[in-house]
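Structure first, then comments.
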Amino acid sequence: MISHGVRAFILLLFLTASFAAAQEKHVLIMHTNDIRGHILPGPDAGGSARLATVVRELKPDLMLDAGGILSGSLISDTFQGEPVVTVMNAIGYDAVAIGSSEFDFGIAALRARSRQANFLLLSANAASPIDEIQPAAIYNTQDVRIAVIGLTSQEITGHPQNVKYVDVADPVRTLEDVLPRIRDRADAIILLANVTRTEEQRIARTFPEIRLIIAAHEEADLPFRIGQTTIVGTGKFGKYVGRLDLTFSEGKLKGIASRLIPLEGFEPDPSIARLLDPYQKTLDQTLQTVLGQAAGDLLRSTAGESHLGNLVADAVRAKTGTEISLITAADPQMGIPKGPITSRTLFEVLPSEKTLVTMRLSGAQIKRILGRTMLCVSGVRVKLDPAKPEGKRLVSVRLENGTPLRDKDFYTVTTNDYLLMGGDGFTEFAGGVDVEDTGILLRDAVAEHIARLGTVSPHLDGRIQFSR
């Protein structure tokens, strides 16, 4: 028989356990990263409609993204990210970090997307002309105060024209400034970190009080821990969504449980499909247009003369009527297969929004440009020595008619706005005279050229040769 004293002790234990349990609070967070415009389902993408189904079922307290949302798919690129923000609004995101790809469409487009968004765009270290971008936000959910800070990598990429007004500060120094203003106002601090692995590890070691970093990497990661900091990521294209269960006791974060949820197999939310339908119909109508026929596979190369490189360089020169065209060999992202060439094909081959720029350059300037690395050319015949160091690879260059380029003579040249702004390290184009950005898209010039030719044959004519 249990004595009164033992009964009292058991009751005390029960009450103590019940009181402790009552003090525990649980916060459910769901997260994504590097969607890159992949809001439609595909072989490597779950699609926003399936994501919406999972979010609706789990009802998270916070919905977060570590950035890289806008550019990278036809449906997003065609409408400068508008459909991405449309579906993220519908899903109910709370905050998204600014990644470098968010600047791919330019400042004006990102400002429009930030005003369209019902969620916050966060970056504590990227200074830009967009007032809507905030350094951090504090959310009160389940009676717990959670601070969310956004960070952008200093290794920001993109068109120089799009990022010239963007200044990205050192993330550690930024956090040294931001954290003192947040510590006393939050029970937990979460970092949406669109930074490199090296940067996030440096942050975790420097600031152990940041218990959770939601990272942005191409591969889906199992939780990785540095000291007390947990680092998670879901991989690119929205194939997975992450679930985080945070346990708080007496206002302090006591535990973090993490798992990845594959979206494959979930039924798509029909309301998201309806939101995307107008974009999809407009895109399909545009991309089904047949521009011409490829008589054979048109291959690309960044190491030598190529069918596609010749096609692009010739198209550019034909559009502007200059004597020479100089275009980076990396412009085409893939080859064109034999058969009908549609607008969709050309969007996939030339996805960027580069515009044609005309100018006059001296023969000496052109020679310095050609000596740096291999370009796609039209109007000249070039011989290179790849064994020589960069800047000294040019062996000879002549005009199409065989006339040598004269150092002091000036020639009309077409390039693109990316190279004019110093892209890929080409500073020489900035020294041109009578510079004019035509506003003509490189892709449109190639489309017009293909339509004029009707049939495009794989064509190499020896305009780029290598010394042996």
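Residues are named by chain letter and number: chains run A, B, ... in the order of the structure tokens, numbers start at 1 in each chain, and ligands are numbered from 1 in the order shown.
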
Excluding Leu121 (chain A) and its own-chain neighbours fewer than 6 positions away, which residues fall within 12 Å of it when counting only C-alpha atoms? Please give them as JSON, numbers by chain. {"A": [64, 65, 66, 67, 68, 69, 85, 93, 94, 95, 96, 97, 98, 99, 102, 110, 111, 113, 114, 115, 130, 131, 132, 133, 134, 135, 136, 137, 148, 149, 150, 151, 152, 192]}

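Near Ser271 (chain A), within 12 Å and counting only C-alpha atoms, sit A:Ser48, A:Ala49, A:Arg50, A:Leu51, A:Ala52, A:Thr53, A:Arg56, A:Thr86, A:Val87, A:Ala90, A:Ile91, A:Glu267, A:Pro268, A:Asp269, A:Ala273, A:Arg274, A:Leu275, A:Leu276, A:Asp277; same-chain residues fewer than 2 positions away were not included.
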
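Counting from CA of Ala294 (chain A), the distance to CA of Val312 (chain A) is 13.9 Å.
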
Residues of region 132-375 of chain A in helix (DSSP H, G or I), written as an MDAnalysis selection string: chainID A and resid 160:163 171:181 183:185 197:206 236:238 270:287 307:320 343:349 363:370

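Going from CA of Thr355 (chain A) to CA of Gly439 (chain A) covers 5.4 Å.
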
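Atom to atom, CA of Pro41 (chain A) and CA of Gly81 (chain A) stand 16.6 Å apart.
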
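The smallest atom-to-atom distance between Leu441 (chain A) and any of A:Ile366, A:Ile341, A:Leu399, A:Val316, using only C-alpha atoms, is found for A:Val316.
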
For the interface of region 194-215 of chain A with region 170-182 of chain A (cut-off 8 Å, counting only C-alpha atoms), please tabulate each contacting residue of region 194-215 of chain A alongside its nearest pair of atoms and their separation in Å to one decimal, rows sorted by chain and increasing number, as CSV.
residue,atom,partner,partner_atom,distance
A:Glu199,CA,A:Pro171,CA,7.6
A:Arg202,CA,A:Val172,CA,7.8
A:Ile203,CA,A:Val172,CA,6.1
A:Thr206,CA,A:Val172,CA,7.7

Show which residues sit within 10 Å of region 412-427 of chain A, as a count of residues only. Count only C-alpha atoms, and ignore same-chain residues fewer than 5 positions away. 49

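Of the listed residues A:Arg381, A:Ala387, A:Ala329, A:Lys236, the one whose atoms come nearest to Leu311 (chain A) is A:Ala329, with distances taken using only C-alpha atoms.
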